[in-house]
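The next block is upload.pdb, given as PDB, C-alpha atoms, pLDDT in the B column.
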```
ATOM      1  CA  MET E   1     179.744 -44.194-201.661  1.00 70.00           C
ATOM      2  CA  ARG E   2     176.334 -45.117-200.329  1.00 81.00           C
ATOM      3  CA  ASP E   3     173.173 -43.322-201.277  1.00 90.00           C
ATOM      4  CA  VAL E   4     171.521 -41.026-198.762  1.00 91.00           C
ATOM      5  CA  PRO E   5     168.911 -42.833-196.621  1.00 95.00           C
ATOM      6  CA  GLN E   6     165.466 -42.387-198.169  1.00 94.00           C
ATOM      7  CA  ASN E   7     163.051 -42.238-195.207  1.00 96.00           C
ATOM      8  CA  ARG E   8     162.239 -38.913-193.554  1.00 96.00           C
ATOM      9  CA  ILE E   9     160.778 -38.306-190.158  1.00 95.00           C
ATOM     10  CA  ASN E  10     157.218 -36.990-189.870  1.00 96.00           C
ATOM     11  CA  ASP E  11     156.699 -33.316-190.723  1.00 96.00           C
ATOM     12  CA  ARG E  12     154.753 -32.864-187.468  1.00 97.00           C
ATOM     13  CA  ALA E  13     158.194 -33.023-185.838  1.00 97.00           C
ATOM     14  CA  LEU E  14     158.558 -29.341-186.744  1.00 96.00           C
ATOM     15  CA  LYS E  15     155.642 -28.408-184.464  1.00 97.00           C
ATOM     16  CA  VAL E  16     156.944 -30.575-181.631  1.00 97.00           C
ATOM     17  CA  TRP E  17     160.482 -29.204-181.865  1.00 97.00           C
ATOM     18  CA  ARG E  18     159.206 -25.628-182.095  1.00 97.00           C
ATOM     19  CA  ILE E  19     157.011 -26.039-179.011  1.00 96.00           C
ATOM     20  CA  ALA E  20     159.919 -27.551-177.061  1.00 95.00           C
ATOM     21  CA  ALA E  21     162.232 -24.733-178.210  1.00 96.00           C
ATOM     22  CA  ALA E  22     159.662 -22.083-177.261  1.00 96.00           C
ATOM     23  CA  MET E  23     159.410 -23.561-173.786  1.00 94.00           C
ATOM     24  CA  LYS E  24     163.218 -23.405-173.440  1.00 92.00           C
ATOM     25  CA  SER E  25     163.347 -19.860-174.848  1.00 93.00           C
ATOM     26  CA  ALA E  26     160.837 -18.755-172.241  1.00 92.00           C
ATOM     27  CA  PHE E  27     163.641 -18.995-169.663  1.00 86.00           C
ATOM     28  CA  GLY E  28     165.672 -16.442-171.643  1.00 83.00           C
ATOM     29  CA  TRP E  29     162.726 -14.092-171.686  1.00 90.00           C
ATOM     30  CA  LEU E  30     162.283 -14.629-167.952  1.00 90.00           C
ATOM     31  CA  LEU E  31     165.906 -13.548-167.545  1.00 84.00           C
ATOM     32  CA  ILE E  32     165.105 -10.320-169.395  1.00 85.00           C
ATOM     33  CA  ILE E  33     162.201  -9.600-167.037  1.00 89.00           C
ATOM     34  CA  VAL E  34     164.485 -10.154-164.037  1.00 88.00           C
ATOM     35  CA  ALA E  35     167.112  -7.878-165.628  1.00 84.00           C
ATOM     36  CA  VAL E  36     164.522  -5.121-166.180  1.00 85.00           C
ATOM     37  CA  VAL E  37     163.412  -5.318-162.548  1.00 88.00           C
ATOM     38  CA  LEU E  38     167.003  -5.322-161.263  1.00 87.00           C
ATOM     39  CA  THR E  39     167.910  -2.424-163.571  1.00 87.00           C
ATOM     40  CA  ALA E  40     164.984  -0.401-162.241  1.00 85.00           C
ATOM     41  CA  LEU E  41     165.722  -1.285-158.595  1.00 87.00           C
ATOM     42  CA  PHE E  42     169.492  -0.707-158.631  1.00 87.00           C
ATOM     43  CA  ASP E  43     169.639   2.023-161.269  1.00 83.00           C
ATOM     44  CA  TRP E  44     171.873  -0.009-163.581  1.00 80.00           C
ATOM     45  CA  SER E  45     172.593   0.926-167.167  1.00 83.00           C
ATOM     46  CA  TYR E  46     169.929  -0.080-169.693  1.00 83.00           C
ATOM     47  CA  TRP E  47     172.494  -1.465-172.142  1.00 85.00           C
ATOM     48  CA  ILE E  48     172.364  -4.734-170.167  1.00 80.00           C
ATOM     49  CA  VAL E  49     168.629  -5.108-170.816  1.00 83.00           C
ATOM     50  CA  ILE E  50     168.972  -4.082-174.457  1.00 88.00           C
ATOM     51  CA  THR E  51     171.797  -6.589-175.006  1.00 87.00           C
ATOM     52  CA  LEU E  52     169.829  -9.390-173.324  1.00 84.00           C
ATOM     53  CA  PHE E  53     166.765  -8.494-175.392  1.00 88.00           C
ATOM     54  CA  VAL E  54     168.683  -8.641-178.697  1.00 92.00           C
ATOM     55  CA  LEU E  55     170.359 -11.928-177.709  1.00 90.00           C
ATOM     56  CA  SER E  56     166.993 -13.424-176.737  1.00 91.00           C
ATOM     57  CA  VAL E  57     165.383 -12.377-180.026  1.00 93.00           C
ATOM     58  CA  VAL E  58     168.231 -13.970-182.003  1.00 95.00           C
ATOM     59  CA  GLU E  59     168.214 -17.106-179.854  1.00 93.00           C
ATOM     60  CA  SER E  60     164.435 -17.454-180.159  1.00 95.00           C
ATOM     61  CA  PHE E  61     164.521 -17.045-183.938  1.00 96.00           C
ATOM     62  CA  LEU E  62     167.283 -19.618-184.325  1.00 96.00           C
ATOM     63  CA  THR E  63     165.925 -22.247-181.946  1.00 96.00           C
ATOM     64  CA  ILE E  64     162.214 -21.882-182.684  1.00 97.00           C
ATOM     65  CA  TYR E  65     162.185 -21.258-186.423  1.00 96.00           C
ATOM     66  CA  LEU E  66     165.454 -21.946-188.230  1.00 96.00           C
ATOM     67  CA  ILE E  67     167.091 -24.916-186.482  1.00 96.00           C
ATOM     68  CA  PRO E  68     163.978 -27.165-186.430  1.00 96.00           C
ATOM     69  CA  LYS E  69     163.482 -26.569-190.158  1.00 96.00           C
ATOM     70  CA  ILE E  70     167.090 -27.489-190.996  1.00 95.00           C
ATOM     71  CA  ARG E  71     167.021 -30.399-188.546  1.00 95.00           C
ATOM     72  CA  TRP E  72     163.885 -31.829-190.180  1.00 96.00           C
ATOM     73  CA  LYS E  73     165.351 -31.487-193.687  1.00 95.00           C
ATOM     74  CA  ARG E  74     168.555 -33.287-192.686  1.00 95.00           C
ATOM     75  CA  TRP E  75     167.055 -36.175-190.679  1.00 96.00           C
ATOM     76  CA  ARG E  76     166.930 -39.357-192.739  1.00 97.00           C
ATOM     77  CA  TYR E  77     166.985 -43.044-191.917  1.00 97.00           C
ATOM     78  CA  GLU E  78     166.737 -46.409-193.588  1.00 96.00           C
ATOM     79  CA  VAL E  79     166.572 -49.947-192.254  1.00 96.00           C
ATOM     80  CA  HIS E  80     168.377 -52.658-194.208  1.00 95.00           C
ATOM     81  CA  GLU E  81     168.638 -56.364-193.398  1.00 93.00           C
ATOM     82  CA  GLN E  82     172.144 -55.990-191.988  1.00 93.00           C
ATOM     83  CA  GLU E  83     172.116 -52.453-190.572  1.00 95.00           C
ATOM     84  CA  VAL E  84     170.248 -49.285-189.704  1.00 96.00           C
ATOM     85  CA  ASP E  85     171.469 -46.200-191.575  1.00 97.00           C
ATOM     86  CA  LEU E  86     170.979 -42.792-189.905  1.00 97.00           C
ATOM     87  CA  GLN E  87     171.882 -39.326-191.194  1.00 97.00           C
ATOM     88  CA  HIS E  88     171.283 -36.091-189.289  1.00 96.00           C
ATOM     89  CA  GLY E  89     172.863 -32.855-188.152  1.00 94.00           C
ATOM     90  CA  VAL E  90     172.273 -29.120-188.416  1.00 90.00           C
ATOM     91  CA  VAL E  91     175.770 -27.729-188.888  1.00 91.00           C
ATOM     92  CA  VAL E  92     177.698 -31.002-189.172  1.00 94.00           C
ATOM     93  CA  LYS E  93     176.128 -33.933-191.001  1.00 92.00           C
ATOM     94  CA  LYS E  94     176.493 -37.165-189.064  1.00 95.00           C
ATOM     95  CA  ARG E  95     176.091 -40.552-190.747  1.00 95.00           C
ATOM     96  CA  THR E  96     175.758 -43.633-188.539  1.00 96.00           C
ATOM     97  CA  LEU E  97     175.507 -47.295-189.496  1.00 95.00           C
ATOM     98  CA  ILE E  98     174.241 -49.562-186.739  1.00 96.00           C
ATOM     99  CA  PRO E  99     174.948 -53.246-187.496  1.00 95.00           C
ATOM    100  CA  MET E 100     171.943 -55.449-186.678  1.00 94.00           C
ATOM    101  CA  VAL E 101     174.267 -57.863-184.899  1.00 93.00           C
ATOM    102  CA  ARG E 102     174.998 -55.074-182.352  1.00 93.00           C
ATOM    103  CA  VAL E 103     171.359 -54.217-181.601  1.00 95.00           C
ATOM    104  CA  GLN E 104     170.424 -55.326-178.084  1.00 94.00           C
ATOM    105  CA  HIS E 105     166.909 -53.922-177.849  1.00 93.00           C
ATOM    106  CA  VAL E 106     164.597 -51.403-179.463  1.00 97.00           C
ATOM    107  CA  ASP E 107     162.163 -49.107-177.634  1.00 96.00           C
ATOM    108  CA  THR E 108     159.609 -46.492-178.543  1.00 97.00           C
ATOM    109  CA  TYR E 109     159.309 -43.345-176.449  1.00 95.00           C
ATOM    110  CA  GLN E 110     156.582 -40.703-176.201  1.00 96.00           C
ATOM    111  CA  GLY E 111     156.716 -37.583-174.102  1.00 94.00           C
ATOM    112  CA  PRO E 112     153.622 -35.433-173.564  1.00 96.00           C
ATOM    113  CA  ILE E 113     154.228 -33.218-176.599  1.00 96.00           C
ATOM    114  CA  LEU E 114     154.982 -36.176-178.875  1.00 97.00           C
ATOM    115  CA  ARG E 115     151.843 -37.924-177.600  1.00 97.00           C
ATOM    116  CA  LYS E 116     149.685 -34.877-178.379  1.00 97.00           C
ATOM    117  CA  TYR E 117     150.853 -34.943-182.007  1.00 97.00           C
ATOM    118  CA  LYS E 118     150.650 -38.765-182.242  1.00 97.00           C
ATOM    119  CA  LEU E 119     154.404 -39.164-182.683  1.00 98.00           C
ATOM    120  CA  ALA E 120     156.995 -41.433-181.076  1.00 98.00           C
ATOM    121  CA  THR E 121     160.769 -41.771-180.997  1.00 98.00           C
ATOM    122  CA  VAL E 122     162.430 -45.116-181.717  1.00 98.00           C
ATOM    123  CA  LYS E 123     165.469 -45.834-179.531  1.00 98.00           C
ATOM    124  CA  ILE E 124     167.951 -48.445-180.728  1.00 97.00           C
ATOM    125  CA  SER E 125     170.258 -49.680-177.974  1.00 96.00           C
ATOM    126  CA  THR E 126     173.638 -51.269-178.561  1.00 94.00           C
ATOM    127  CA  ALA E 127     176.245 -52.223-175.981  1.00 90.00           C
ATOM    128  CA  ALA E 128     177.945 -48.845-176.353  1.00 89.00           C
ATOM    129  CA  THR E 129     175.226 -46.278-177.096  1.00 95.00           C
ATOM    130  CA  VAL E 130     171.587 -45.498-177.721  1.00 96.00           C
ATOM    131  CA  HIS E 131     170.611 -44.160-181.142  1.00 97.00           C
ATOM    132  CA  GLU E 132     167.312 -42.377-181.779  1.00 97.00           C
ATOM    133  CA  ILE E 133     165.040 -41.876-184.743  1.00 97.00           C
ATOM    134  CA  PRO E 134     162.874 -38.987-183.537  1.00 97.00           C
ATOM    135  CA  ALA E 135     159.290 -37.972-184.267  1.00 96.00           C
ATOM    136  CA  LEU E 136     157.847 -40.818-186.301  1.00 97.00           C
ATOM    137  CA  ASP E 137     154.122 -41.433-186.600  1.00 97.00           C
ATOM    138  CA  VAL E 138     153.121 -43.802-183.756  1.00 97.00           C
ATOM    139  CA  ILE E 139     152.090 -46.618-186.095  1.00 97.00           C
ATOM    140  CA  GLU E 140     155.249 -46.214-188.179  1.00 97.00           C
ATOM    141  CA  ALA E 141     157.377 -46.178-185.006  1.00 97.00           C
ATOM    142  CA  ASP E 142     155.780 -49.394-183.741  1.00 97.00           C
ATOM    143  CA  GLU E 143     156.266 -51.111-187.098  1.00 97.00           C
ATOM    144  CA  LEU E 144     159.883 -49.916-187.292  1.00 97.00           C
ATOM    145  CA  ARG E 145     160.597 -51.102-183.737  1.00 97.00           C
ATOM    146  CA  ASP E 146     159.143 -54.539-184.502  1.00 96.00           C
ATOM    147  CA  ASN E 147     160.983 -54.759-187.836  1.00 96.00           C
ATOM    148  CA  ILE E 148     164.371 -53.856-186.338  1.00 96.00           C
ATOM    149  CA  SER E 149     163.794 -56.284-183.480  1.00 94.00           C
ATOM    150  CA  LYS E 150     162.912 -59.071-185.924  1.00 94.00           C
ATOM    151  CA  LEU E 151     165.933 -58.346-188.147  1.00 93.00           C
ATOM    152  CA  ALA E 152     168.241 -58.242-185.105  1.00 91.00           C
ATOM    153  CA  ARG E 153     166.964 -61.685-183.995  1.00 87.00           C
ATOM    154  CA  VAL E 154     167.456 -63.138-187.486  1.00 79.00           C
ATOM    155  CA  VAL E 155     171.040 -61.846-187.643  1.00 65.00           C
ATOM    156  CA  GLU E 156     171.696 -63.177-184.130  1.00 63.00           C
ATOM    157  CA  GLU E 157     170.382 -66.641-185.066  1.00 68.00           C
ATOM    158  CA  ASP E 158     172.576 -66.721-188.178  1.00 68.00           C
ATOM    159  CA  VAL E 159     175.732 -65.964-186.190  1.00 63.00           C
TER
END
```
Would you kindly transcribe this structure into structure tokens?
Amino acid sequence: MRDVPQNRINDRALKVWRIAAAMKSAFGWLLIIVAVVLTALFDWSYWIVITLFVLSVVESFLTIYLIPKIRWKRWRYEVHEQEVDLQHGVVVKKRTLIPMVRVQHVDTYQGPILRKYKLATVKISTAATVHEIPALDVIEADELRDNISKLARVVEEDV
């Protein structure tokens, strides 16, 4: 069996993922505010608000604190001459080998939050799917993109 890929993504990914999760959790909290107003207006039972509050607290804890930490610990990648090796997953570990001969193009992507923390995501496109290596330092992402592109050309020329 192969060894686990050695490279980790940048630890600033935790901040980025937590900010994104907090923004998504804000919608749950907005739902609670709406439920409180509706409960007051229509004289509904308060158990609805209490249940929504408890669910939102649990959801916020999981998505903002726990899941990003586990996700960061599990994300690993390694680039070999013949393939790209990815391993990730929170509950289920997923291991993917992308043969260089299948790589069609490689992109880097930066959203506003990634840009603020000087991070980028590398997207590796094959005929069937797009694979991502998230939250790498911008310089590392550029070097990785160029390296994968170069290795994919070399493999293509050899075929």
Evaluate the PyMOL selection byres ((chain E and resi 86) around 9) and report residues as a PyMOL selection string: chain E and resi 5+75-79+84-85+87-88+94-98+131-133
Name the residues that the PyMOL selection byres ((chain E and resi 69-71) around 8) picks from the file above, as a VMD selection string, using the file's chain letters and numbers. chain E and resid 14 65 to 68 72 to 75 88 to 90
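Counting from atom CA of Val34 of chain E, the distance to atom CA of Val16 of chain E is 28.0 Å.
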I want to know what sits within 10 Å of Asp137 of chain E, based on only C-alpha atoms, with residues of the same chain fewer than 2 positions away left out; could you give that as a list in words? Ile9, Asn10, Asp11, Arg12, Ala13, Leu114, Arg115, Tyr117, Lys118, Leu119, Ala120, Thr121, Pro134, Ala135, Ile139, Glu140, Ala141, Asp142 and Glu143 of chain E
Selected residues written out with C-alpha atoms, as a compact mmCIF listing (two decimals), in the coordinates of the input:
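Below you can see selection_1.txt, which holds the result:
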```
# COMPACT_ATOMS: atom_id res chain seq x y z
CA ILE E 9 160.78 -38.31 -190.16
CA ASN E 10 157.22 -36.99 -189.87
CA ASP E 11 156.70 -33.32 -190.72
CA ARG E 12 154.75 -32.86 -187.47
CA ALA E 13 158.19 -33.02 -185.84
CA LEU E 114 154.98 -36.18 -178.88
CA ARG E 115 151.84 -37.92 -177.60
CA TYR E 117 150.85 -34.94 -182.01
CA LYS E 118 150.65 -38.76 -182.24
CA LEU E 119 154.40 -39.16 -182.68
CA ALA E 120 157.00 -41.43 -181.08
CA THR E 121 160.77 -41.77 -181.00
CA PRO E 134 162.87 -38.99 -183.54
CA ALA E 135 159.29 -37.97 -184.27
CA ILE E 139 152.09 -46.62 -186.10
CA GLU E 140 155.25 -46.21 -188.18
CA ALA E 141 157.38 -46.18 -185.01
CA ASP E 142 155.78 -49.39 -183.74
CA GLU E 143 156.27 -51.11 -187.10
```
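Remark: for Ile33 of chain E, the closest of the candidate residues E:Ala128, E:Val58, E:Val49, E:Leu151 is E:Val49 (distances computed over all atoms listed in the file).
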As a PDB file, keeping the file's coordinate frame, the rebuilt segment 50-66 of chain E with N, CA and C atoms:
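Output below, filename out-v7.pdb:
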```pdb
ATOM      1  N   ILE E  50     169.040  -4.122-172.994  1.00 88.00           N
ATOM      2  CA  ILE E  50     168.972  -4.082-174.457  1.00 88.00           C
ATOM      3  C   ILE E  50     169.790  -5.232-175.061  1.00 88.00           C
ATOM      4  N   THR E  51     170.967  -5.485-174.520  1.00 87.00           N
ATOM      5  CA  THR E  51     171.797  -6.589-175.006  1.00 87.00           C
ATOM      6  C   THR E  51     171.100  -7.931-174.791  1.00 87.00           C
ATOM      7  N   LEU E  52     170.546  -8.142-173.602  1.00 84.00           N
ATOM      8  CA  LEU E  52     169.829  -9.390-173.324  1.00 84.00           C
ATOM      9  C   LEU E  52     168.618  -9.550-174.233  1.00 84.00           C
ATOM     10  N   PHE E  53     167.929  -8.446-174.509  1.00 88.00           N
ATOM     11  CA  PHE E  53     166.765  -8.494-175.392  1.00 88.00           C
ATOM     12  C   PHE E  53     167.175  -8.921-176.809  1.00 88.00           C
ATOM     13  N   VAL E  54     168.214  -8.305-177.340  1.00 92.00           N
ATOM     14  CA  VAL E  54     168.683  -8.641-178.697  1.00 92.00           C
ATOM     15  C   VAL E  54     169.139 -10.104-178.749  1.00 92.00           C
ATOM     16  N   LEU E  55     169.902 -10.535-177.749  1.00 90.00           N
ATOM     17  CA  LEU E  55     170.359 -11.928-177.709  1.00 90.00           C
ATOM     18  C   LEU E  55     169.181 -12.908-177.631  1.00 90.00           C
ATOM     19  N   SER E  56     168.163 -12.553-176.855  1.00 91.00           N
ATOM     20  CA  SER E  56     166.993 -13.424-176.737  1.00 91.00           C
ATOM     21  C   SER E  56     166.194 -13.494-178.032  1.00 91.00           C
ATOM     22  N   VAL E  57     166.084 -12.373-178.737  1.00 93.00           N
ATOM     23  CA  VAL E  57     165.383 -12.377-180.026  1.00 93.00           C
ATOM     24  C   VAL E  57     166.121 -13.279-181.019  1.00 93.00           C
ATOM     25  N   VAL E  58     167.436 -13.138-181.086  1.00 95.00           N
ATOM     26  CA  VAL E  58     168.231 -13.970-182.003  1.00 95.00           C
ATOM     27  C   VAL E  58     168.130 -15.439-181.621  1.00 95.00           C
ATOM     28  N   GLU E  59     168.288 -15.724-180.330  1.00 93.00           N
ATOM     29  CA  GLU E  59     168.214 -17.106-179.854  1.00 93.00           C
ATOM     30  C   GLU E  59     166.850 -17.707-180.142  1.00 93.00           C
ATOM     31  N   SER E  60     165.787 -16.957-179.901  1.00 95.00           N
ATOM     32  CA  SER E  60     164.435 -17.454-180.159  1.00 95.00           C
ATOM     33  C   SER E  60     164.219 -17.736-181.637  1.00 95.00           C
ATOM     34  N   PHE E  61     164.664 -16.835-182.497  1.00 96.00           N
ATOM     35  CA  PHE E  61     164.521 -17.045-183.938  1.00 96.00           C
ATOM     36  C   PHE E  61     165.257 -18.304-184.377  1.00 96.00           C
ATOM     37  N   LEU E  62     166.490 -18.454-183.921  1.00 96.00           N
ATOM     38  CA  LEU E  62     167.283 -19.618-184.325  1.00 96.00           C
ATOM     39  C   LEU E  62     166.682 -20.925-183.814  1.00 96.00           C
ATOM     40  N   THR E  63     166.368 -20.972-182.531  1.00 96.00           N
ATOM     41  CA  THR E  63     165.925 -22.247-181.946  1.00 96.00           C
ATOM     42  C   THR E  63     164.473 -22.592-182.239  1.00 96.00           C
ATOM     43  N   ILE E  64     163.628 -21.590-182.448  1.00 97.00           N
ATOM     44  CA  ILE E  64     162.214 -21.882-182.684  1.00 97.00           C
ATOM     45  C   ILE E  64     161.912 -22.018-184.173  1.00 97.00           C
ATOM     46  N   TYR E  65     162.536 -21.232-185.009  1.00 96.00           N
ATOM     47  CA  TYR E  65     162.185 -21.258-186.423  1.00 96.00           C
ATOM     48  C   TYR E  65     163.229 -21.970-187.294  1.00 96.00           C
ATOM     49  N   LEU E  66     164.457 -21.507-187.261  1.00 96.00           N
ATOM     50  CA  LEU E  66     165.454 -21.946-188.230  1.00 96.00           C
ATOM     51  C   LEU E  66     166.000 -23.355-187.975  1.00 96.00           C
TER      52      LEU E  66
END
```
